[in-house]
There are 2 protein chains.
Amino acid sequence: MTTLAGATQDEVRRHNLAGLVRLLHEHGAMSRAELTARTGLNRSTIGGLTTELADAGVVSEGVPAGRRSAGRPSIVVRPRTERVYVLALDVGAEHLTAARVGLGGRVLDRRELRHAREDADVRRTLRRLHRLGRAVLAGSPADAVCVGIGVSVCGVVRGSDGLVRFAPNLGWVDVPLGRLVADGFATALPVSVGNDADLGAVAERIRGAARGADNVVYLSGEVGIGGGVVLDGRLVAGAGGYAGEVGHVRVNPRGRRCRCGAVGCWETEVGEEALLLATGMPPGADLSDVLAAYAEGDRHVRAGVRRVGEWLGLGVANLVNLFNPEVVVLGGLLRQLLPLVEPQIESALGQALVAPREQVRLVPPALGGDSPLLGAAEAAFGSLLDDPLGAAVHRAERLHA
Amino acid sequence: MTTLAGATQDEVRRHNLAGLVRLLHEHGAMSRAELTARTGLNRSTIGGLTTELADAGVVSEGVPAGRRSAGRPSIVVRPRTERVYVLALDVGAEHLTAARVGLGGRVLDRRELRHAREDADVRRTLRRLHRLGRAVLAGSPADAVCVGIGVSVCGVVRGSDGLVRFAPNLGWVDVPLGRLVADGFATALPVSVGNDADLGAVAERIRGAARGADNVVYLSGEVGIGGGVVLDGRLVAGAGGYAGEVGHVRVNPRGRRCRCGAVGCWETEVGEEALLLATGMPPGADLSDVLAAYAEGDRHVRAGVRRVGEWLGLGVANLVNLFNPEVVVLGGLLRQLLPLVEPQIESALGQALVAPREQVRLVPPALGGDSPLLGAAEAAFGSLLDDPLGAAVHRAERLHA
């Protein structure tokens with residue numbers, strides 16, 4: 001419970017290196033002068049640290065282009081985006097995605113496949129994922145190093161080892177996804193596996209619609225509703241890493257049975273199935289059909305969307321009372337639904353407690369559908385960002401394409 | 001968002017002092033050898049630090065009593081419980097409490113008054129609270145120093161300044177409780193104000209039923225249901241400090257109107273009023289009447305308790321899905337209800353997702369009704385524990401009794 005760090009000089013140095021790399025990763029290139037101002041460290045300390053990082057190939061240093069003013073220019077420190085990268089994978093309910101993401105968060109290459117639950121059996125999915133991954137790795141420059149692999153999955157993930165406990169949209173139970181990915185790429189690199197909504201929250205907070213906010217709820221609406229929660233700047237995990245199962249808050253005890261077994265879970269009122277039911281769509285229809293019928297002014301569809309909007313608002317109000325976030329990001333299909341149901345959500349929010357309600361903004365994700373993928377990249381950069389010259393870089397390798 | 005500590009030697013020393021005092025405060029007296037083992041600092045560093053703390057009057061050092069084995073005994077370091085204390089105040093729905101609590105968490109003196117909403121107007125309550133506080137301060141030894149004041153209140157508290165935004169059980173709206181308490185005691189000591197359930201969670205985690213757990217939900221059932229949540233060892237606050245309003249999660253949209261204005265909030269199904277309604281008690285009855293009728297086997301009362309138990313279970317299952325805690329502490333009147341409704345709660349938990357359910361324990365508070373009071377004491381010790389030789393001790397004063 002209480003830990004007491006007996007910080008040594010070496011630990012202080014490592015801590016400072018980590019802080020510098022994180023700053024450059026999250027905010028992009030900066031002059032040494034700016035780094036000095038941002039960190040409170042003195043100039044010579046900054047110079048020593050950035051030289052170390054440059055020697056290790058993590059950053060490059062140079063004189064800024066196009067300078068005109070007099071005096072010695074402050075050297076600009078840039079993350080080596082093309083050289084230091086991670087492999088990010090996203091296993092969604094309807095797609096598989098692989099990307100090479102460079103230090104600084106830039107997507108260097110990205111491939112996607114559509115898939116469906118029917119062909120999501122574990123071996124087949126892993127084979128396709130591996131093929132996608134190899135395709136993006138094939139394009140990496142000869143001197144580039146991969147420092148980690150991050151995987152996002154639409155399921156409940158055990159924090160300790162990346163076991164996917166339960167992914168109803170894939171039909172998976174207890175799949176050791178982290179190990180299977182490591183085996184597939186025959187690599188000893190760290191593989192971190194996370195829930196898609198958790199990772200979406202992380203990415204939107206670092207680079208998206210929740211930038212600068214310390215308290216964020218990210219909702220990933222698909223077949224079900226996932227939730228990722230950041231509080232006080234940290235992702236909420238809970239004892240086993242399972243926290244944030246917002247789709248399974250029971251809000252309608254007289255409602256429908258959920259895939260989880262309980263009755264009246266929030267996602268039975270606001271997920272894609274609920275939307276299709278409420279709007280009376282024929283079998284095989286999907287969100288785009290609902291949106292088309294809505295645009296055509298179909299009254300039955302409009303009434304159904306309104307009803308789903310009311311349940312959506314009720315659930316968002318619950319989350320506002322529970323987490324008091326500055327921002328709620330509505331991802332997945334909720335992103336497309338948001339403009340249609342804003343009045344219902346606003347009205348339901350009027351039933352949240354005054355104090356938390358007045359602080360919250362509702363927004364669509366700024367990273368579109370890629371928030372979980374980019375969050376997986378952030379997780380994969382974790383060991384580099386914690387200890388830039390330590391284990392991560394020593395273990396870095398060129399993955400075989 | 002990204003902060004980079006340029007840690008100096010002095011900061012490292014302060015950090016280590018803070019860690020030592022926290023260790024002694026939370027775990028009690030320890031030998032220097034034990035402190036060395038626990039902290040990973042070397043013996044001479046520990047000796048230097050504890051000597052500094054002893055000189056400042058925060059700890060005492062001595063040879064352990066009754067030692068028999070050979071060799072030089074390791075000096076025992078004790079928190080100076082009688083000398084360094086805080087004033088803790090609890091403004092409940094039905095009681096006012098004041099206590100002197102010594103370093104190490106021991107209650108040195110404690111006074112309580114019953115009150116009711118009818119006489120809870122702000123000025124009157126503050127006057128009575130001040131009188132209670134003076135009474136417990138009167139007994140403090142001549143050399144004792146007060147290092148802070150902590151106040152627990154059954155309301156929604158703004159984190160930044162301790163403003164009570166909304167305390168329905170007291171009839172309070174926007175009461176600057178922190179400032180009023182500081183004015184009442186004419187002191188410049190830090191006054192920290194917190195929500196009763198938040199502080200209950202803190203106290204139960206440090207010294208009570210959730211000791212050792214990093215993920216805890218504490219429920220304070222009274223007229224309404226408050227919630228305090230600790231995740232990853234830290235109290236969940238949210239953007240404004242309002243997080244954890246579990247009583248206002250809407251679980252029954254066809255239910256009753258809540259004091260907050262919304263329909264079907266959890267507390268309309270499980271608070272004291274809901275219990276009295278469900279059991280058909282006559283006006284003026286309270287929990288003890290329900291318990292007595294239950295004990296006598298009154299069938300109508302038993303059925304009502306069972307129904308409340310089902311709603312209680314549903315809400316606890318929601319919280320388990322959201323927060324994935326190791327422990328849920330049922331405080332306030334829920335403590336007395338728990339043994340009666342365990343089957344209903346267990347059955348509802350059976351509907352929570354598998355993953356979080358396998359880890360959670362439901363327990364009554366180990367600190368009885370004093371969890372919020374002791375949590376207020378913990379908050380009041382905050383500045384001392386953060387910087388034992390810094391601002392806190394310099395500002396320490398003997399409050400006039």
# chains A, B, ... in the order shown; residues from 1 in each chain; ligands from 1
$ select_by_dssp --residues "stretch 127-199 of chain A" --states "helix (DSSP H, G or I)" --output "PyMOL selection string"
chain A and resi 127-137+177-184+196-199
$ interface_residues --of "chain B" --to "chain A" --cutoff "6 Å" --atoms "only C-alpha atoms" --output "list in words"
Leu4, Gly6, Gly19, Thr39, Leu41, Asn215, Gly238, Ala239, Tyr242, Ala243, Gly244, Glu245, Val246, Val249, Val251, Ala262, Asn318, Asn321, Leu322, Phe323, Asn324, Pro325, Glu326 and Gln351 of chain B
$ residues_around --residues "A:Arg78" --least-positions-apart "2" --cutoff "7 Å" --atoms "only C-alpha atoms" --output "VMD selection string"
chain A and resid 24 28 to 30 59 to 61 76 80
$ write_last_selection --atoms "N, CA and C atoms" --output "PDB file, in the first residue's frame"
ATOM      1  N   LEU A  24       8.026  14.933 -25.801  1.00  0.00           N
ATOM      2  CA  LEU A  24       8.220  14.987 -27.256  1.00  0.00           C
ATOM      3  C   LEU A  24       7.215  14.081 -27.972  1.00  0.00           C
ATOM      4  N   GLY A  28       5.189  16.699 -29.672  1.00  0.00           N
ATOM      5  CA  GLY A  28       5.969  16.925 -30.889  1.00  0.00           C
ATOM      6  C   GLY A  28       7.279  17.655 -30.627  1.00  0.00           C
ATOM      7  N   ALA A  29       7.993  17.982 -31.724  1.00  0.00           N
ATOM      8  CA  ALA A  29       9.321  18.594 -31.643  1.00  0.00           C
ATOM      9  C   ALA A  29       9.303  19.871 -30.801  1.00  0.00           C
ATOM     10  N   MET A  30      10.393  20.076 -30.072  1.00  0.00           N
ATOM     11  CA  MET A  30      10.535  21.276 -29.234  1.00  0.00           C
ATOM     12  C   MET A  30      11.986  21.689 -29.190  1.00  0.00           C
ATOM     13  N   VAL A  59      15.806  10.404 -30.510  1.00  0.00           N
ATOM     14  CA  VAL A  59      15.484  11.746 -31.024  1.00  0.00           C
ATOM     15  C   VAL A  59      16.581  12.181 -31.989  1.00  0.00           C
ATOM     16  N   SER A  60      16.276  13.203 -32.764  1.00  0.00           N
ATOM     17  CA  SER A  60      17.319  13.849 -33.547  1.00  0.00           C
ATOM     18  C   SER A  60      17.386  15.303 -33.111  1.00  0.00           C
ATOM     19  N   GLU A  61      18.586  15.884 -33.249  1.00  0.00           N
ATOM     20  CA  GLU A  61      18.735  17.290 -32.869  1.00  0.00           C
ATOM     21  C   GLU A  61      19.231  18.064 -34.065  1.00  0.00           C
ATOM     22  N   VAL A  76      16.677  22.289 -31.926  1.00  0.00           N
ATOM     23  CA  VAL A  76      15.357  21.652 -31.873  1.00  0.00           C
ATOM     24  C   VAL A  76      15.511  20.132 -31.724  1.00  0.00           C
ATOM     25  N   ARG A  80      12.215  10.655 -33.252  1.00  0.00           N
ATOM     26  CA  ARG A  80      12.532  10.007 -34.529  1.00  0.00           C
ATOM     27  C   ARG A  80      11.391   9.079 -34.935  1.00  0.00           C
TER      28      ARG A  80
END
$ residues_around --residues "stretch 96-107 of chain A" --least-positions-apart "5" --cutoff "9 Å" --atoms "only C-alpha atoms" --output "ChimeraX atom specification"
/A:22,24-29,58,78-91,112-115,125,128-130,132-137,140,146,207,373-374,377-378,381
$ write_last_selection --atoms "N, CA and C atoms" --output "CSV table (one decimal), in the first residue's frame"
chain,number,residue,atom,x,y,z
A,22,ARG,N,8.4,11.5,-23.2
A,22,ARG,CA,7.0,11.6,-23.2
A,22,ARG,C,6.5,13.0,-23.7
A,24,LEU,N,8.0,14.9,-25.8
A,24,LEU,CA,8.2,15.0,-27.3
A,24,LEU,C,7.2,14.1,-28.0
A,25,HIS,N,6.9,12.9,-27.4
A,25,HIS,CA,6.0,12.0,-27.9
A,25,HIS,C,4.6,12.6,-28.0
A,26,GLU,N,4.2,13.3,-26.9
A,26,GLU,CA,2.8,13.8,-26.8
A,26,GLU,C,2.6,15.2,-27.5
A,27,HIS,N,3.7,16.0,-27.5
A,27,HIS,CA,3.6,17.4,-28.0
A,27,HIS,C,4.4,17.6,-29.2
A,28,GLY,N,5.2,16.7,-29.7
A,28,GLY,CA,6.0,16.9,-30.9
A,28,GLY,C,7.3,17.7,-30.6
A,29,ALA,N,8.0,18.0,-31.7
A,29,ALA,CA,9.3,18.6,-31.6
A,29,ALA,C,9.3,19.9,-30.8
A,58,VAL,N,16.8,7.8,-30.4
A,58,VAL,CA,15.4,8.1,-30.0
A,58,VAL,C,14.9,9.4,-30.5
A,78,ARG,N,13.7,16.5,-32.0
A,78,ARG,CA,12.6,15.9,-32.6
A,78,ARG,C,12.5,14.4,-32.3
A,79,PRO,N,11.3,13.9,-32.0
A,79,PRO,CA,11.2,12.4,-31.9
A,79,PRO,C,11.5,11.8,-33.2
A,80,ARG,N,12.2,10.7,-33.3
A,80,ARG,CA,12.5,10.0,-34.5
A,80,ARG,C,11.4,9.1,-34.9
A,81,THR,N,10.4,9.7,-35.5
A,81,THR,CA,9.1,9.1,-35.8
A,81,THR,C,9.3,7.9,-36.8
A,82,GLU,N,10.1,8.1,-37.8
A,82,GLU,CA,10.3,7.0,-38.8
A,82,GLU,C,11.1,5.9,-38.3
A,83,ARG,N,11.9,6.2,-37.3
A,83,ARG,CA,12.9,5.1,-36.9
A,83,ARG,C,12.3,4.3,-35.7
A,84,VAL,N,11.7,5.0,-34.7
A,84,VAL,CA,11.2,4.3,-33.5
A,84,VAL,C,9.7,4.1,-33.6
A,85,TYR,N,9.3,2.9,-33.7
A,85,TYR,CA,7.8,2.7,-34.0
A,85,TYR,C,7.3,1.5,-33.2
A,86,VAL,N,6.0,1.4,-33.1
A,86,VAL,CA,5.3,0.3,-32.6
A,86,VAL,C,4.4,-0.3,-33.6
A,87,LEU,N,4.0,-1.6,-33.4
A,87,LEU,CA,3.0,-2.2,-34.2
A,87,LEU,C,1.7,-2.2,-33.4
A,88,ALA,N,0.6,-1.5,-34.0
A,88,ALA,CA,-0.7,-1.5,-33.3
A,88,ALA,C,-1.7,-2.3,-34.0
A,89,LEU,N,-2.4,-3.1,-33.3
A,89,LEU,CA,-3.4,-4.0,-33.9
A,89,LEU,C,-4.8,-3.7,-33.3
A,90,ASP,N,-5.8,-3.8,-34.0
A,90,ASP,CA,-7.2,-3.6,-33.5
A,90,ASP,C,-8.1,-4.7,-34.0
A,91,VAL,N,-8.6,-5.5,-33.0
A,91,VAL,CA,-9.5,-6.6,-33.3
A,91,VAL,C,-10.9,-6.1,-32.9
A,112,GLU,N,-6.4,-2.6,-43.3
A,112,GLU,CA,-7.6,-3.0,-42.6
A,112,GLU,C,-8.3,-4.1,-43.4
A,113,LEU,N,-8.9,-5.0,-42.7
A,113,LEU,CA,-9.8,-6.0,-43.3
A,113,LEU,C,-11.1,-6.0,-42.6
A,114,ARG,N,-12.2,-6.2,-43.4
A,114,ARG,CA,-13.5,-6.4,-42.7
A,114,ARG,C,-13.6,-7.9,-42.3
A,115,HIS,N,-14.2,-8.1,-41.1
A,115,HIS,CA,-14.5,-9.5,-40.8
A,115,HIS,C,-15.9,-9.5,-40.0
A,125,THR,N,-8.7,-15.7,-37.0
A,125,THR,CA,-8.5,-14.2,-36.8
A,125,THR,C,-7.0,-13.9,-36.6
A,128,ARG,N,-5.2,-14.0,-39.9
A,128,ARG,CA,-5.4,-12.8,-40.7
A,128,ARG,C,-4.7,-11.5,-40.1
A,129,LEU,N,-4.7,-11.5,-38.8
A,129,LEU,CA,-4.1,-10.4,-38.1
A,129,LEU,C,-2.6,-10.4,-38.3
A,130,HIS,N,-2.0,-11.6,-38.3
A,130,HIS,CA,-0.6,-11.7,-38.5
A,130,HIS,C,-0.3,-11.3,-40.0
A,132,LEU,N,-1.9,-9.2,-41.8
A,132,LEU,CA,-2.0,-7.7,-41.9
A,132,LEU,C,-0.8,-7.0,-41.3
A,133,GLY,N,-0.4,-7.5,-40.1
A,133,GLY,CA,0.8,-7.0,-39.4
A,133,GLY,C,2.0,-7.1,-40.3
A,134,ARG,N,2.2,-8.2,-40.9
A,134,ARG,CA,3.4,-8.4,-41.7
A,134,ARG,C,3.4,-7.4,-42.9
A,135,ALA,N,2.2,-7.2,-43.4
A,135,ALA,CA,2.1,-6.2,-44.5
A,135,ALA,C,2.6,-4.8,-44.1
A,136,VAL,N,2.2,-4.4,-43.0
A,136,VAL,CA,2.6,-3.0,-42.6
A,136,VAL,C,4.1,-3.0,-42.2
A,137,LEU,N,4.5,-4.1,-41.6
A,137,LEU,CA,6.0,-4.1,-41.2
A,137,LEU,C,6.9,-4.1,-42.4
A,140,SER,N,8.8,-0.9,-43.4
A,140,SER,CA,9.6,-0.2,-42.4
A,140,SER,C,11.0,0.0,-42.9
A,146,CYS,N,11.3,-1.6,-33.9
A,146,CYS,CA,10.0,-1.8,-33.2
A,146,CYS,C,10.2,-1.9,-31.7
A,207,ARG,N,-4.4,12.7,-27.8
A,207,ARG,CA,-4.3,13.3,-29.1
A,207,ARG,C,-5.7,13.7,-29.7
A,373,LEU,N,-7.2,1.9,-32.0
A,373,LEU,CA,-5.9,1.5,-32.6
A,373,LEU,C,-4.8,2.4,-32.1
A,374,LEU,N,-5.1,3.7,-32.0
A,374,LEU,CA,-4.0,4.6,-31.6
A,374,LEU,C,-3.8,4.5,-30.1
A,377,ALA,N,-1.4,1.7,-29.7
A,377,ALA,CA,-0.1,2.2,-30.0
A,377,ALA,C,0.5,2.9,-28.8
A,378,GLU,N,-0.3,3.7,-28.1
A,378,GLU,CA,0.2,4.4,-26.8
A,378,GLU,C,0.6,3.3,-25.8
A,381,PHE,N,3.9,1.9,-26.7
A,381,PHE,CA,5.1,2.7,-26.4
A,381,PHE,C,5.4,2.8,-24.9
$ select_by_dssp --residues "stretch 146-314 of chain B" --states "strand (DSSP E or B)" --output "tab-separated table (two decimals) with N, CA and C atoms, in the first residue's frame"
chain	number	residue	atom	x	y	z
B	146	CYS	N	-1.76	21.00	16.89
B	146	CYS	CA	-2.78	20.60	15.93
B	146	CYS	C	-2.24	20.93	14.54
B	147	VAL	N	-2.25	19.96	13.63
B	147	VAL	CA	-1.66	20.20	12.30
B	147	VAL	C	-2.70	20.34	11.19
B	148	GLY	N	-3.98	20.28	11.56
B	148	GLY	CA	-4.99	20.45	10.51
B	148	GLY	C	-6.38	20.14	11.03
B	149	ILE	N	-7.36	20.56	10.27
B	149	ILE	CA	-8.76	20.29	10.61
B	149	ILE	C	-9.40	19.60	9.41
B	150	GLY	N	-10.11	18.51	9.67
B	150	GLY	CA	-10.81	17.81	8.60
B	150	GLY	C	-12.29	17.74	8.92
B	151	VAL	N	-13.12	17.96	7.91
B	151	VAL	CA	-14.57	17.94	8.11
B	151	VAL	C	-15.21	16.98	7.12
B	152	SER	N	-16.03	16.09	7.62
B	152	SER	CA	-16.84	15.22	6.79
B	152	SER	C	-18.27	15.76	6.77
B	153	VAL	N	-18.90	15.74	5.61
B	153	VAL	CA	-20.27	16.23	5.54
B	153	VAL	C	-21.09	15.36	4.58
B	156	VAL	N	-22.62	16.97	-1.35
B	156	VAL	CA	-21.76	17.04	-2.53
B	156	VAL	C	-20.79	18.20	-2.33
B	157	VAL	N	-19.50	17.90	-2.31
B	157	VAL	CA	-18.49	18.90	-1.95
B	157	VAL	C	-17.59	19.23	-3.13
B	164	VAL	N	-19.81	23.20	0.09
B	164	VAL	CA	-20.84	22.16	0.05
B	164	VAL	C	-21.91	22.61	-0.96
B	165	ARG	N	-21.90	21.94	-2.12
B	165	ARG	CA	-22.81	22.37	-3.18
B	165	ARG	C	-24.26	22.05	-2.85
B	166	PHE	N	-24.46	20.91	-2.17
B	166	PHE	CA	-25.81	20.39	-2.08
B	166	PHE	C	-25.79	19.31	-0.99
B	167	ALA	N	-26.53	19.56	0.08
B	167	ALA	CA	-26.63	18.55	1.15
B	167	ALA	C	-28.09	18.42	1.52
B	172	TRP	N	-28.91	22.15	2.90
B	172	TRP	CA	-27.86	23.12	2.56
B	172	TRP	C	-27.65	23.20	1.04
B	173	VAL	N	-27.42	24.40	0.55
B	173	VAL	CA	-27.00	24.62	-0.83
B	173	VAL	C	-25.88	25.66	-0.81
B	174	ASP	N	-24.77	25.33	-1.45
B	174	ASP	CA	-23.64	26.25	-1.58
B	174	ASP	C	-23.21	26.89	-0.25
B	175	VAL	N	-22.84	26.04	0.67
B	175	VAL	CA	-22.37	26.50	1.98
B	175	VAL	C	-20.83	26.40	2.01
B	191	VAL	N	-7.99	23.64	6.47
B	191	VAL	CA	-9.25	22.94	6.77
B	191	VAL	C	-9.66	22.19	5.51
B	192	SER	N	-9.73	20.88	5.59
B	192	SER	CA	-10.16	20.15	4.40
B	192	SER	C	-11.55	19.59	4.63
B	193	VAL	N	-12.41	19.76	3.63
B	193	VAL	CA	-13.80	19.32	3.73
B	193	VAL	C	-14.02	18.23	2.69
B	194	GLY	N	-14.68	17.16	3.09
B	194	GLY	CA	-14.92	16.08	2.13
B	194	GLY	C	-16.29	15.46	2.31
B	195	ASN	N	-16.72	14.79	1.28
B	195	ASN	CA	-17.97	14.04	1.32
B	195	ASN	C	-17.83	12.83	2.26
B	216	VAL	N	-11.74	-0.01	-3.96
B	216	VAL	CA	-12.74	-0.12	-2.91
B	216	VAL	C	-13.94	0.77	-3.24
B	217	VAL	N	-15.14	0.24	-3.04
B	217	VAL	CA	-16.34	1.07	-3.07
B	217	VAL	C	-16.92	1.06	-1.66
B	218	TYR	N	-17.12	2.27	-1.11
B	218	TYR	CA	-17.73	2.40	0.21
B	218	TYR	C	-19.10	3.03	0.03
B	219	LEU	N	-20.14	2.40	0.56
B	219	LEU	CA	-21.48	2.95	0.46
B	219	LEU	C	-21.94	3.44	1.82
B	220	SER	N	-22.43	4.66	1.86
B	220	SER	CA	-22.95	5.19	3.12
B	220	SER	C	-24.45	5.33	2.99
B	221	GLY	N	-25.16	4.32	3.40
B	221	GLY	CA	-26.62	4.37	3.29
B	221	GLY	C	-27.23	5.10	4.47
B	225	ILE	N	-28.11	7.44	-0.52
B	225	ILE	CA	-26.98	6.52	-0.59
B	225	ILE	C	-25.79	7.28	-1.19
B	226	GLY	N	-24.77	7.45	-0.40
B	226	GLY	CA	-23.55	8.08	-0.91
B	226	GLY	C	-22.54	7.02	-1.27
B	227	GLY	N	-21.60	7.39	-2.11
B	227	GLY	CA	-20.57	6.44	-2.49
B	227	GLY	C	-19.21	7.08	-2.49
B	228	GLY	N	-18.22	6.35	-1.99
B	228	GLY	CA	-16.83	6.78	-2.07
B	228	GLY	C	-16.08	5.68	-2.78
B	229	VAL	N	-15.27	6.03	-3.75
B	229	VAL	CA	-14.60	5.03	-4.56
B	229	VAL	C	-13.09	5.27	-4.55
B	230	VAL	N	-12.35	4.23	-4.20
B	230	VAL	CA	-10.89	4.27	-4.30
B	230	VAL	C	-10.49	3.33	-5.42
B	231	LEU	N	-9.74	3.85	-6.39
B	231	LEU	CA	-9.26	3.01	-7.48
B	231	LEU	C	-7.75	3.13	-7.55
B	234	ARG	N	-6.19	5.35	-5.04
B	234	ARG	CA	-6.48	6.78	-4.93
B	234	ARG	C	-7.98	7.05	-4.96
B	235	LEU	N	-8.38	8.00	-4.13
B	235	LEU	CA	-9.79	8.37	-4.08
B	235	LEU	C	-10.21	8.98	-5.41
B	250	ARG	N	-29.73	6.14	-12.15
B	250	ARG	CA	-31.15	5.82	-12.38
B	250	ARG	C	-31.28	4.36	-12.76
B	257	ARG	N	-40.00	9.63	-7.79
B	257	ARG	CA	-39.19	10.82	-7.98
B	257	ARG	C	-38.25	10.98	-6.78
B	263	VAL	N	-36.17	10.76	-11.79
B	263	VAL	CA	-37.06	9.65	-11.44
B	263	VAL	C	-36.26	8.35	-11.41
B	265	CYS	N	-33.93	7.11	-9.22
B	265	CYS	CA	-32.56	7.00	-8.71
B	265	CYS	C	-32.46	5.82	-7.75
$ closest_residue --among "B:Ala293, B:Val21, B:Ala210, B:Val308" --to "B:Thr268" --atoms "only C-alpha atoms"
B:Val308
$ atom_distance --atom1 "atom CA of A:Ser288" --atom2 "atom CA of A:Leu338"
14.0 Å
$ atom_distance --atom1 "atom CA of B:Leu189" --atom2 "atom CA of B:Ser383"
10.2 Å
$ atom_distance --atom1 "atom CA of B:Leu53" --atom2 "atom CA of B:Arg72"
22.1 Å
$ residues_around --residues "A:Leu126" --least-positions-apart "6" --cutoff "8 Å" --atoms "only C-alpha atoms" --output "list in words"
Leu180, Val181 and Gly184 of chain A
$ closest_residue --among "B:Gly280, B:Glu296, B:Gly331, B:Val290" --to "B:Asp370" --atoms "only C-alpha atoms"
B:Gly331
